[in-house]
$ cat structure-v6.pdb   # PDB, C-alpha atoms (C1' of nucleotides)
ATOM      1  CA  MET A   1     123.334 -66.128 -54.435
ATOM      2  CA  GLN A   2     127.063 -65.746 -54.056
ATOM      3  CA  ASN A   3     129.190 -62.686 -54.462
ATOM      4  CA  ASN A   4     130.859 -64.070 -57.530
ATOM      5  CA  ASP A   5     127.462 -64.013 -59.222
ATOM      6  CA  LEU A   6     127.120 -60.359 -58.386
ATOM      7  CA  ASN A   7     130.579 -59.693 -59.737
ATOM      8  CA  LEU A   8     129.838 -61.701 -62.837
ATOM      9  CA  LEU A   9     126.770 -59.613 -63.581
ATOM     10  CA  LYS A  10     128.712 -56.443 -62.963
ATOM     11  CA  GLU A  11     131.373 -57.519 -65.383
ATOM     12  CA  LEU A  12     128.710 -58.173 -67.957
ATOM     13  CA  ARG A  13     127.349 -54.686 -67.324
ATOM     14  CA  LEU A  14     123.961 -55.950 -66.378
ATOM     15  CA  LYS A  15     121.902 -54.128 -63.816
ATOM     16  CA  LEU A  16     121.377 -56.076 -60.633
ATOM     17  CA  THR A  17     117.623 -56.030 -60.358
ATOM     18  CA  PRO A  18     115.861 -58.191 -57.791
ATOM     19  CA  GLN A  19     114.001 -60.068 -60.522
ATOM     20  CA  ARG A  20     117.185 -60.903 -62.328
ATOM     21  CA  LEU A  21     118.909 -62.056 -59.220
ATOM     22  CA  ALA A  22     115.949 -64.254 -58.339
ATOM     23  CA  ILE A  23     115.865 -65.816 -61.781
ATOM     24  CA  ILE A  24     119.579 -66.515 -61.671
ATOM     25  CA  GLU A  25     119.308 -67.929 -58.194
ATOM     26  CA  TYR A  26     116.434 -70.155 -59.256
ATOM     27  CA  LEU A  27     118.351 -71.469 -62.226
ATOM     28  CA  LYS A  28     121.586 -71.999 -60.373
ATOM     29  CA  GLY A  29     122.058 -75.693 -59.754
ATOM     30  CA  ASN A  30     118.616 -76.460 -61.156
ATOM     31  CA  LYS A  31     118.632 -79.785 -62.959
ATOM     32  CA  ASN A  32     115.009 -79.722 -64.087
ATOM     33  CA  HIS A  33     115.549 -77.842 -67.368
ATOM     34  CA  PRO A  34     112.749 -75.425 -66.500
ATOM     35  CA  SER A  35     110.642 -73.551 -69.001
ATOM     36  CA  ALA A  36     109.919 -69.827 -68.791
ATOM     37  CA  GLU A  37     106.578 -70.601 -67.225
ATOM     38  CA  GLU A  38     108.072 -72.788 -64.528
ATOM     39  CA  ILE A  39     110.474 -70.021 -63.620
ATOM     40  CA  TYR A  40     107.673 -67.481 -63.581
ATOM     41  CA  ASN A  41     105.475 -69.652 -61.372
ATOM     42  CA  ALA A  42     108.299 -70.381 -58.973
ATOM     43  CA  LEU A  43     108.966 -66.697 -58.426
ATOM     44  CA  LYS A  44     105.577 -65.032 -58.638
ATOM     45  CA  ASP A  45     104.936 -65.395 -54.929
ATOM     46  CA  ARG A  46     108.047 -63.416 -54.130
ATOM     47  CA  PHE A  47     107.504 -61.018 -57.037
ATOM     48  CA  PRO A  48     103.769 -60.731 -57.583
ATOM     49  CA  SER A  49     104.172 -57.862 -59.986
ATOM     50  CA  MET A  50     106.753 -59.580 -62.145
ATOM     51  CA  SER A  51     105.872 -59.817 -65.782
ATOM     52  CA  PHE A  52     106.383 -62.727 -68.128
ATOM     53  CA  ALA A  53     108.304 -60.398 -70.371
ATOM     54  CA  THR A  54     110.890 -59.968 -67.638
ATOM     55  CA  VAL A  55     111.445 -63.698 -67.471
ATOM     56  CA  TYR A  56     111.878 -63.896 -71.222
ATOM     57  CA  ASN A  57     114.086 -60.827 -71.347
ATOM     58  CA  THR A  58     116.319 -62.113 -68.594
ATOM     59  CA  LEU A  59     116.594 -65.559 -70.100
ATOM     60  CA  GLU A  60     117.510 -64.026 -73.434
ATOM     61  CA  VAL A  61     120.263 -61.966 -71.859
ATOM     62  CA  LEU A  62     121.611 -64.899 -69.894
ATOM     63  CA  VAL A  63     121.717 -67.055 -73.019
ATOM     64  CA  GLU A  64     123.454 -64.265 -74.945
ATOM     65  CA  LYS A  65     126.056 -63.898 -72.226
ATOM     66  CA  GLY A  66     126.577 -67.633 -72.119
ATOM     67  CA  LEU A  67     125.492 -68.089 -68.513
ATOM     68  CA  ILE A  68     122.783 -70.574 -69.429
ATOM     69  CA  LYS A  69     121.889 -72.654 -72.449
ATOM     70  CA  GLU A  70     118.615 -72.837 -74.316
ATOM     71  CA  LEU A  71     117.618 -76.419 -75.021
ATOM     72  CA  SER A  72     115.856 -77.376 -78.234
ATOM     73  CA  ILE A  73     114.900 -80.809 -77.058
ATOM     74  CA  ASP A  74     111.241 -80.131 -76.405
ATOM     75  CA  SER A  75     109.352 -78.985 -79.469
ATOM     76  CA  SER A  76     106.493 -77.529 -77.478
ATOM     77  CA  LYS A  77     108.453 -75.015 -75.440
ATOM     78  CA  LYS A  78     111.894 -73.677 -74.762
ATOM     79  CA  ARG A  79     113.756 -75.068 -71.811
ATOM     80  CA  PHE A  80     116.758 -73.603 -70.068
ATOM     81  CA  ASP A  81     119.795 -75.248 -68.570
ATOM     82  CA  PRO A  82     122.281 -73.567 -66.224
ATOM     83  CA  TYR A  83     124.831 -76.284 -66.915
ATOM     84  CA  THR A  84     126.865 -74.910 -69.752
ATOM     85  CA  HIS A  85     129.635 -77.467 -69.547
ATOM     86  CA  PRO A  86     129.400 -80.214 -72.165
ATOM     87  CA  HIS A  87     126.852 -82.810 -71.206
ATOM     88  CA  HIS A  88     124.070 -84.776 -72.761
ATOM     89  CA  HIS A  89     120.431 -85.626 -72.148
ATOM     90  CA  PHE A  90     117.918 -88.398 -71.892
ATOM     91  CA  ILE A  91     114.303 -87.585 -72.660
ATOM     92  CA  CYS A  92     111.447 -89.817 -71.577
ATOM     93  CA  LYS A  93     108.845 -90.315 -74.289
ATOM     94  CA  ALA A  94     106.220 -91.049 -71.671
ATOM     95  CA  CYS A  95     106.492 -88.169 -69.217
ATOM     96  CA  GLY A  96     108.698 -85.754 -71.125
ATOM     97  CA  LYS A  97     111.224 -85.526 -68.325
ATOM     98  CA  ILE A  98     114.717 -84.488 -69.350
ATOM     99  CA  VAL A  99     117.616 -86.017 -67.433
ATOM    100  CA  ASP A 100     121.259 -85.001 -67.569
ATOM    101  CA  VAL A 101     123.724 -87.562 -68.873
ATOM    102  CA  GLU A 102     127.163 -86.738 -67.620
ATOM    103  CA  ALA A 103     129.188 -89.151 -69.716
ATOM    104  CA  SER A 104     131.610 -87.871 -72.320
ATOM    105  CA  PHE A 105     131.539 -89.498 -75.707
ATOM    106  CA  GLU A 106     134.256 -89.902 -78.256
ATOM    107  CA  ILE A 107     132.656 -88.738 -81.443
ATOM    108  CA  PHE A 108     134.560 -88.353 -84.685
ATOM    109  CA  ILE A 109     133.470 -85.515 -86.939
ATOM    110  CA  PRO A 110     132.194 -87.213 -90.066
ATOM    111  CA  GLU A 111     133.777 -86.527 -93.406
ATOM    112  CA  SER A 112     130.531 -85.012 -94.682
ATOM    113  CA  LEU A 113     130.948 -82.132 -92.232
ATOM    114  CA  ARG A 114     134.424 -81.360 -93.546
ATOM    115  CA  ASP A 115     133.509 -77.824 -94.639
ATOM    116  CA  PHE A 116     131.398 -77.086 -91.604
ATOM    117  CA  GLN A 117     132.593 -75.298 -88.520
ATOM    118  CA  VAL A 118     131.508 -77.812 -85.908
ATOM    119  CA  GLU A 119     131.544 -76.206 -82.483
ATOM    120  CA  ASP A 120     129.673 -78.612 -80.295
ATOM    121  CA  PHE A 121     127.643 -81.751 -80.284
ATOM    122  CA  GLN A 122     124.962 -83.161 -78.086
ATOM    123  CA  VAL A 123     123.754 -86.699 -77.672
ATOM    124  CA  VAL A 124     120.051 -87.016 -76.940
ATOM    125  CA  PHE A 125     118.898 -90.413 -75.745
ATOM    126  CA  THR A 126     115.213 -91.273 -75.970
ATOM    127  CA  GLY A 127     113.301 -94.019 -74.251
ATOM    128  CA  VAL A 128     111.414 -94.608 -71.031
ATOM    129  CA  CYS A 129     112.557 -93.530 -67.591
ATOM    130  CA  PRO A 130     112.487 -95.936 -64.621
ATOM    131  CA  GLU A 131     109.348 -94.350 -63.134
ATOM    132  CA  CYS A 132     107.353 -94.642 -66.350
ATOM    133  CA  LYS A 133     108.693 -98.125 -67.015
ATOM    134  CA  LYS A 134     106.853 -99.412 -63.944
ATOM    135  CA  GLU A 135     103.486 -98.467 -65.423
TER     136      GLU A 135
ATOM    137  CA  MET B   1     104.010 -90.657-106.248
ATOM    138  CA  GLN B   2     104.595 -94.341-106.802
ATOM    139  CA  ASN B   3     102.190 -97.219-106.575
ATOM    140  CA  ASN B   4     103.910 -98.619-103.536
ATOM    141  CA  ASP B   5     102.972 -95.448-101.683
ATOM    142  CA  LEU B   6      99.367 -95.998-102.608
ATOM    143  CA  ASN B   7      99.572 -99.591-101.430
ATOM    144  CA  LEU B   8     101.283 -98.519 -98.243
ATOM    145  CA  LEU B   9      98.474 -96.119 -97.425
ATOM    146  CA  LYS B  10      95.897 -98.764 -98.226
ATOM    147  CA  GLU B  11      97.563-101.200 -95.895
ATOM    148  CA  LEU B  12      97.502 -98.589 -93.186
ATOM    149  CA  ARG B  13      93.786 -98.119 -93.876
ATOM    150  CA  LEU B  14      94.190 -94.467 -94.625
ATOM    151  CA  LYS B  15      91.984 -92.821 -97.183
ATOM    152  CA  LEU B  16      93.789 -91.681-100.271
ATOM    153  CA  THR B  17      92.830 -88.046-100.363
ATOM    154  CA  PRO B  18      94.534 -85.679-102.801
ATOM    155  CA  GLN B  19      95.784 -83.527 -99.936
ATOM    156  CA  ARG B  20      97.347 -86.486 -98.205
ATOM    157  CA  LEU B  21      98.994 -87.732-101.338
ATOM    158  CA  ALA B  22     100.381 -84.285-102.046
ATOM    159  CA  ILE B  23     101.798 -83.967 -98.535
ATOM    160  CA  ILE B  24     103.395 -87.396 -98.763
ATOM    161  CA  GLU B  25     104.787 -86.616-102.181
ATOM    162  CA  TYR B  26     106.184 -83.333-100.928
ATOM    163  CA  LEU B  27     107.876 -85.004 -97.981
ATOM    164  CA  LYS B  28     109.230 -87.928 -99.941
ATOM    165  CA  GLY B  29     112.952 -87.431-100.483
ATOM    166  CA  ASN B  30     112.771 -83.975 -98.932
ATOM    167  CA  LYS B  31     115.961 -83.222 -97.010
ATOM    168  CA  ASN B  32     114.965 -79.789 -95.770
ATOM    169  CA  HIS B  33     113.225 -80.909 -92.588
ATOM    170  CA  PRO B  34     110.208 -78.774 -93.404
ATOM    171  CA  SER B  35     107.799 -77.327 -90.874
ATOM    172  CA  ALA B  36     104.023 -77.539 -91.157
ATOM    173  CA  GLU B  37     103.961 -74.046 -92.577
ATOM    174  CA  GLU B  38     106.506 -74.833 -95.279
ATOM    175  CA  ILE B  39     104.452 -77.802 -96.373
ATOM    176  CA  TYR B  40     101.299 -75.727 -96.367
ATOM    177  CA  ASN B  41     102.883 -72.959 -98.417
ATOM    178  CA  ALA B  42     104.348 -75.396-100.903
ATOM    179  CA  LEU B  43     100.963 -76.927-101.596
ATOM    180  CA  LYS B  44      98.518 -74.072-101.306
ATOM    181  CA  ASP B  45      98.773 -73.181-104.980
ATOM    182  CA  ARG B  46      97.652 -76.646-105.954
ATOM    183  CA  PHE B  47      95.140 -76.846-103.089
ATOM    184  CA  PRO B  48      93.929 -73.325-102.429
ATOM    185  CA  SER B  49      91.200 -74.541-100.115
ATOM    186  CA  MET B  50      93.458 -76.712 -98.014
ATOM    187  CA  SER B  51      93.383 -75.985 -94.325
ATOM    188  CA  PHE B  52      96.265 -75.871 -91.910
ATOM    189  CA  ALA B  53      94.470 -78.448 -89.829
ATOM    190  CA  THR B  54      94.751 -80.897 -92.692
ATOM    191  CA  VAL B  55      98.498 -80.488 -92.735
ATOM    192  CA  TYR B  56      98.702 -81.065 -88.997
ATOM    193  CA  ASN B  57      96.277 -83.982 -89.106
ATOM    194  CA  THR B  58      98.171 -85.666 -91.890
ATOM    195  CA  LEU B  59     101.535 -85.141 -90.259
ATOM    196  CA  GLU B  60     100.206 -86.550 -87.021
ATOM    197  CA  VAL B  61      98.947 -89.667 -88.777
ATOM    198  CA  LEU B  62     102.182 -90.141 -90.674
ATOM    199  CA  VAL B  63     104.212 -89.844 -87.484
ATOM    200  CA  GLU B  64     101.908 -92.321 -85.745
ATOM    201  CA  LYS B  65     102.282 -94.790 -88.568
ATOM    202  CA  GLY B  66     106.021 -94.349 -88.544
ATOM    203  CA  LEU B  67     106.282 -93.020 -92.088
ATOM    204  CA  ILE B  68     107.981 -89.830 -90.967
ATOM    205  CA  LYS B  69     109.683 -88.555 -87.836
ATOM    206  CA  GLU B  70     108.997 -85.426 -85.873
ATOM    207  CA  LEU B  71     112.182 -83.567 -85.012
ATOM    208  CA  SER B  72     112.602 -81.680 -81.754
ATOM    209  CA  ILE B  73     115.717 -79.883 -82.847
ATOM    210  CA  ASP B  74     114.184 -76.480 -83.400
ATOM    211  CA  SER B  75     112.617 -74.987 -80.304
ATOM    212  CA  SER B  76     110.463 -72.576 -82.270
ATOM    213  CA  LYS B  77     108.548 -75.074 -84.372
ATOM    214  CA  LYS B  78     108.144 -78.723 -85.190
ATOM    215  CA  ARG B  79     110.003 -80.072 -88.163
ATOM    216  CA  PHE B  80     109.374 -83.276 -90.028
ATOM    217  CA  ASP B  81     111.754 -85.746 -91.569
ATOM    218  CA  PRO B  82     110.808 -88.452 -94.056
ATOM    219  CA  TYR B  83     114.055 -90.283 -93.348
ATOM    220  CA  THR B  84     113.188 -92.669 -90.593
ATOM    221  CA  HIS B  85     116.366 -94.688 -90.723
ATOM    222  CA  PRO B  86     118.869 -93.855 -87.993
ATOM    223  CA  HIS B  87     120.789 -90.711 -88.833
ATOM    224  CA  HIS B  88     121.960 -87.532 -87.177
ATOM    225  CA  HIS B  89     121.879 -83.800 -87.739
ATOM    226  CA  PHE B  90     123.926 -80.650 -87.943
ATOM    227  CA  ILE B  91     122.196 -77.369 -87.157
ATOM    228  CA  CYS B  92     123.639 -74.027 -88.205
ATOM    229  CA  LYS B  93     123.466 -71.398 -85.471
ATOM    230  CA  ALA B  94     123.512 -68.645 -88.054
ATOM    231  CA  CYS B  95     120.807 -69.626 -90.531
ATOM    232  CA  GLY B  96     119.028 -72.402 -88.670
ATOM    233  CA  LYS B  97     119.481 -74.871 -91.490
ATOM    234  CA  ILE B  98     119.370 -78.530 -90.507
ATOM    235  CA  VAL B  99     121.603 -80.904 -92.441
ATOM    236  CA  ASP B 100     121.541 -84.698 -92.355
ATOM    237  CA  VAL B 101     124.616 -86.444 -91.004
ATOM    238  CA  GLU B 102     124.707 -89.986 -92.298
ATOM    239  CA  ALA B 103     127.496 -91.345 -90.153
ATOM    240  CA  SER B 104     126.844 -94.021 -87.557
ATOM    241  CA  PHE B 105     128.377 -93.560 -84.142
ATOM    242  CA  GLU B 106     129.448 -96.096 -81.581
ATOM    243  CA  ILE B 107     127.927 -94.845 -78.381
ATOM    244  CA  PHE B 108     128.042 -96.754 -75.141
ATOM    245  CA  ILE B 109     125.048 -96.408 -72.871
ATOM    246  CA  PRO B 110     126.387 -94.719 -69.759
ATOM    247  CA  GLU B 111     126.139 -96.385 -66.400
ATOM    248  CA  SER B 112     123.866 -93.609 -65.146
ATOM    249  CA  LEU B 113     121.164 -94.773 -67.574
ATOM    250  CA  ARG B 114     121.312 -98.328 -66.213
ATOM    251  CA  ASP B 115     117.680 -98.324 -65.101
ATOM    252  CA  PHE B 116     116.416 -96.493 -68.156
ATOM    253  CA  GLN B 117     114.960 -98.146 -71.194
ATOM    254  CA  VAL B 118     117.082 -96.469 -73.854
ATOM    255  CA  GLU B 119     115.538 -96.952 -77.285
ATOM    256  CA  ASP B 120     117.379 -94.552 -79.502
ATOM    257  CA  PHE B 121     119.902 -91.769 -79.545
ATOM    258  CA  GLN B 122     120.582 -88.846 -81.786
ATOM    259  CA  VAL B 123     123.693 -86.769 -82.206
ATOM    260  CA  VAL B 124     123.087 -83.103 -82.931
ATOM    261  CA  PHE B 125     126.097 -81.111 -84.076
ATOM    262  CA  THR B 126     125.988 -77.342 -83.828
ATOM    263  CA  GLY B 127     128.170 -74.760 -85.505
ATOM    264  CA  VAL B 128     128.277 -72.746 -88.696
ATOM    265  CA  CYS B 129     127.542 -74.102 -92.159
ATOM    266  CA  PRO B 130     129.876 -73.389 -95.113
ATOM    267  CA  GLU B 131     127.562 -70.734 -96.583
ATOM    268  CA  CYS B 132     127.289 -68.767 -93.361
ATOM    269  CA  LYS B 133     131.006 -69.190 -92.675
ATOM    270  CA  LYS B 134     131.788 -67.051 -95.704
ATOM    271  CA  GLU B 135     130.022 -64.036 -94.237
TER     272      GLU B 135
ATOM    273  C1'  DG C   1     121.964 -38.313 -50.156
ATOM    274  C1'  DT C   2     120.049 -36.118 -54.663
ATOM    275  C1'  DG C   3     119.349 -35.966 -59.329
ATOM    276  C1'  DC C   4     120.248 -37.725 -63.876
ATOM    277  C1'  DT C   5     120.341 -41.178 -67.459
ATOM    278  C1'  DG C   6     120.030 -45.217 -69.626
ATOM    279  C1'  DT C   7     118.516 -49.682 -68.784
ATOM    280  C1'  DA C   8     114.909 -52.779 -67.017
ATOM    281  C1'  DT C   9     110.239 -53.900 -65.775
ATOM    282  C1'  DT C  10     105.458 -53.886 -66.467
ATOM    283  C1'  DG C  11     100.926 -54.862 -68.594
ATOM    284  C1'  DA C  12      98.732 -55.375 -72.420
ATOM    285  C1'  DA C  13      98.277 -56.467 -76.804
ATOM    286  C1'  DA C  14     100.265 -58.748 -80.983
ATOM    287  C1'  DT C  15     102.113 -62.712 -83.136
ATOM    288  C1'  DA C  16     103.231 -67.504 -84.141
ATOM    289  C1'  DG C  17     102.578 -72.319 -83.927
ATOM    290  C1'  DT C  18      99.462 -75.861 -82.907
ATOM    291  C1'  DC C  19      95.173 -78.035 -81.913
ATOM    292  C1'  DC C  20      90.041 -78.365 -81.514
ATOM    293  C1'  DT C  21      85.313 -78.481 -83.059
ATOM    294  C1'  DA C  22      81.268 -78.880 -85.728
ATOM    295  C1'  DA C  23      79.615 -78.879 -90.243
ATOM    296  C1'  DA C  24      80.319 -80.132 -94.958
ATOM    297  C1'  DA C  25      82.658 -83.008 -98.232
ATOM    298  C1'  DT C  26      84.285 -87.207 -99.992
ATOM    299  C1'  DA C  27      86.807 -91.929-100.410
ATOM    300  C1'  DA C  28      85.794 -96.544 -99.923
ATOM    301  C1'  DT C  29      82.612-100.081 -99.831
ATOM    302  C1'  DA C  30      78.522-102.719-100.843
TER     303       DA C  30
ATOM    304  C1'  DT D   1      74.360 -95.373-106.715
ATOM    305  C1'  DA D   2      73.665 -95.188-101.824
ATOM    306  C1'  DT D   3      75.707 -95.602 -97.451
ATOM    307  C1'  DT D   4      79.016 -94.814 -93.985
ATOM    308  C1'  DA D   5      82.945 -93.748 -91.766
ATOM    309  C1'  DT D   6      86.754 -90.902 -92.391
ATOM    310  C1'  DT D   7      88.648 -86.544 -93.777
ATOM    311  C1'  DT D   8      88.663 -81.757 -94.830
ATOM    312  C1'  DT D   9      87.428 -77.248 -93.907
ATOM    313  C1'  DA D  10      86.963 -72.719 -91.575
ATOM    314  C1'  DG D  11      87.343 -70.568 -87.835
ATOM    315  C1'  DG D  12      88.307 -70.039 -83.474
ATOM    316  C1'  DA D  13      90.799 -71.473 -79.092
ATOM    317  C1'  DC D  14      94.872 -72.090 -76.781
ATOM    318  C1'  DT D  15      99.703 -71.824 -75.525
ATOM    319  C1'  DA D  16     104.242 -69.981 -75.914
ATOM    320  C1'  DT D  17     106.673 -66.107 -77.096
ATOM    321  C1'  DT D  18     107.588 -61.327 -78.518
ATOM    322  C1'  DT D  19     106.723 -56.499 -78.976
ATOM    323  C1'  DC D  20     105.595 -51.944 -77.348
ATOM    324  C1'  DA D  21     104.977 -47.751 -74.849
ATOM    325  C1'  DA D  22     104.789 -46.120 -70.399
ATOM    326  C1'  DT D  23     106.697 -46.357 -65.942
ATOM    327  C1'  DA D  24     110.182 -47.617 -62.576
ATOM    328  C1'  DC D  25     114.587 -47.920 -60.919
ATOM    329  C1'  DA D  26     119.936 -49.241 -60.600
ATOM    330  C1'  DG D  27     124.130 -47.147 -61.153
ATOM    331  C1'  DC D  28     126.748 -43.217 -61.419
ATOM    332  C1'  DA D  29     128.278 -38.292 -60.803
ATOM    333  C1'  DC D  30     127.974 -34.736 -57.972
TER     334       DC D  30
END
$ encode --input "structure-v6.pdb" --output "structure tokens"
Amino acid sequence: MQNNDLNLLKELRLKLTPQRLAIIEYLKGNKNHPSAEEIYNALKDRFPSMSFATVYNTLEVLVEKGLIKELSIDSSKKRFDPYTHPHHHFICKACGKIVDVEASFEIFIPESLRDFQVEDFQVVFTGVCPECKKE
Amino acid sequence: MQNNDLNLLKELRLKLTPQRLAIIEYLKGNKNHPSAEEIYNALKDRFPSMSFATVYNTLEVLVEKGLIKELSIDSSKKRFDPYTHPHHHFICKACGKIVDVEASFEIFIPESLRDFQVEDFQVVFTGVCPECKKE
DNA sequence: GTGCTGTATTGAAATAGTCCTAAAATAATA
DNA sequence: TATTATTTTAGGACTATTTCAATACAGCAC
């Protein structure tokens, strides 16, 4: 946890609670696209009294403030991604793993979206990851 | 419901139950990416005794047989798409509507996915649809 | 530091979506 | 028409998520 995180939270007028700081610290640099449960499990040793609601509340706030992104790649649960810069994903049909794809793609906005306010796009690759391919 | 649907189901060795036929008919040509609940609600007048499990069972079979696709665009529920040909989507942040994008994109497979077996990709645009833009 | 105030956390229960199971129903076949 | 294997049904189980009221506590003024 760096000082600039503390300052960032202050600027956002969020109270610096230990649970929040731990959740942010856990997410920071995390490339595993964790679910709420994974976050909860990772922190419950340090915060045995922490409630699931706190994890959800915090994640909601962080998404609102734009510090993390909520991924809609997995239809069974929400996943969260601290990397808010534009990037893409590969999802393995076998194990469900989600991998970052750092390439940038040149995509033209199709004519059919003329009247739409397109703000972002995401490329989701599907297939089989190297580990699952071996089996 | 056309005869070729009936033949298709026969070839797949699926029993032609009224519920199944109704679900297939409802999905056919449907561009709203309906959820299981929407399908259930749309048909419950005609099939008051129909169970939710039937909807899920049928959808599962249809996905297995490749007649429809399951979309993982909405993190709150599964959505189903009868259009199995390659196409993309726009999702409105305001109303959640999912719109088909028929364009085809030239995407290179990035070097970082060298060892991955990439089978498909999907472009998901996000932003605001014309209706929500007005508000 | 002490006290105040509004925000955050907690625990439990409510809700929503999906899936499971066993019994009853029924489509397909002979 | 009888048989059989598949499908539907009803209800409950299960998981993920949200809500709620009560309690705790971070930040601020003094």
$ closest_residue --input "structure-v6.pdb" --among "B:Asn41, B:Asn7, B:Asn32, B:Ser75" --to "chain D" --atoms "only C-alpha atoms (C1' of nucleotides)"
B:Ser75
$ atom_distance --input "structure-v6.pdb" --atom1 "atom CA of A:Asp81" --atom2 "atom CA of A:Val101"
12.9 Å
$ resolve_selection --input "structure-v6.pdb" --expression "the PyMOL selection byres ((chain D) within 9 of (chain B))" --output "PyMOL selection string"
chain D and resi 6-10
$ residues_around --input "structure-v6.pdb" --residues "D:DT18" --least-positions-apart "5" --cutoff "9 Å" --atoms "only C-alpha atoms (C1' of nucleotides)" --output "list in words"
Ala53 and Tyr56 of chain A; DA14 and DT15 of chain C
$ interface_residues --input "structure-v6.pdb" --of "chain A" --to "chain B" --cutoff "10 Å" --atoms "only C-alpha atoms" --output "ChimeraX atom specification"
/A:70-79,88-93,99-133
$ residues_around --input "structure-v6.pdb" --residues "B:Gly66" --least-positions-apart "2" --cutoff "12 Å" --atoms "only C-alpha atoms (C1' of nucleotides)" --output "NGL selection string"
:B and (8-9 or 12 or 59-64 or 68-70 or 80-85)
$ interface_residues --input "structure-v6.pdb" --of "chain C" --to "chain A" --cutoff "9 Å" --atoms "all atoms listed in the file" --output "ChimeraX atom specification"
/C:7-11
$ atom_distance --input "structure-v6.pdb" --atom1 "atom CA of A:Tyr26" --atom2 "atom CA of A:Ile39"
7.4 Å
$ atom_distance --input "structure-v6.pdb" --atom1 "atom C1' of C:DA13" --atom2 "atom C1' of D:DC14"
16.0 Å
$ resolve_selection --input "structure-v6.pdb" --expression "the PyMOL selection byres ((chain C and resi 16) around 9)" --output "list of chain:residue names"
C:DT15, C:DG17, D:DA16, D:DT17
$ residues_around --input "structure-v6.pdb" --residues "D:DT3" --least-positions-apart "3" --cutoff "12 Å" --atoms "all atoms listed in the file" --output "list in words"
DA28, DT29 and DA30 of chain C
$ resolve_selection --input "structure-v6.pdb" --expression "the PyMOL selection byres ((chain D and resi 30) around 12)" --output "ChimeraX atom specification"
/C:1-4 /D:28-29
$ closest_residue --input "structure-v6.pdb" --among "B:Lys97, B:His87, B:Lys28, B:Arg46" --to "B:Leu67" --atoms "only C-alpha atoms"
B:Lys28
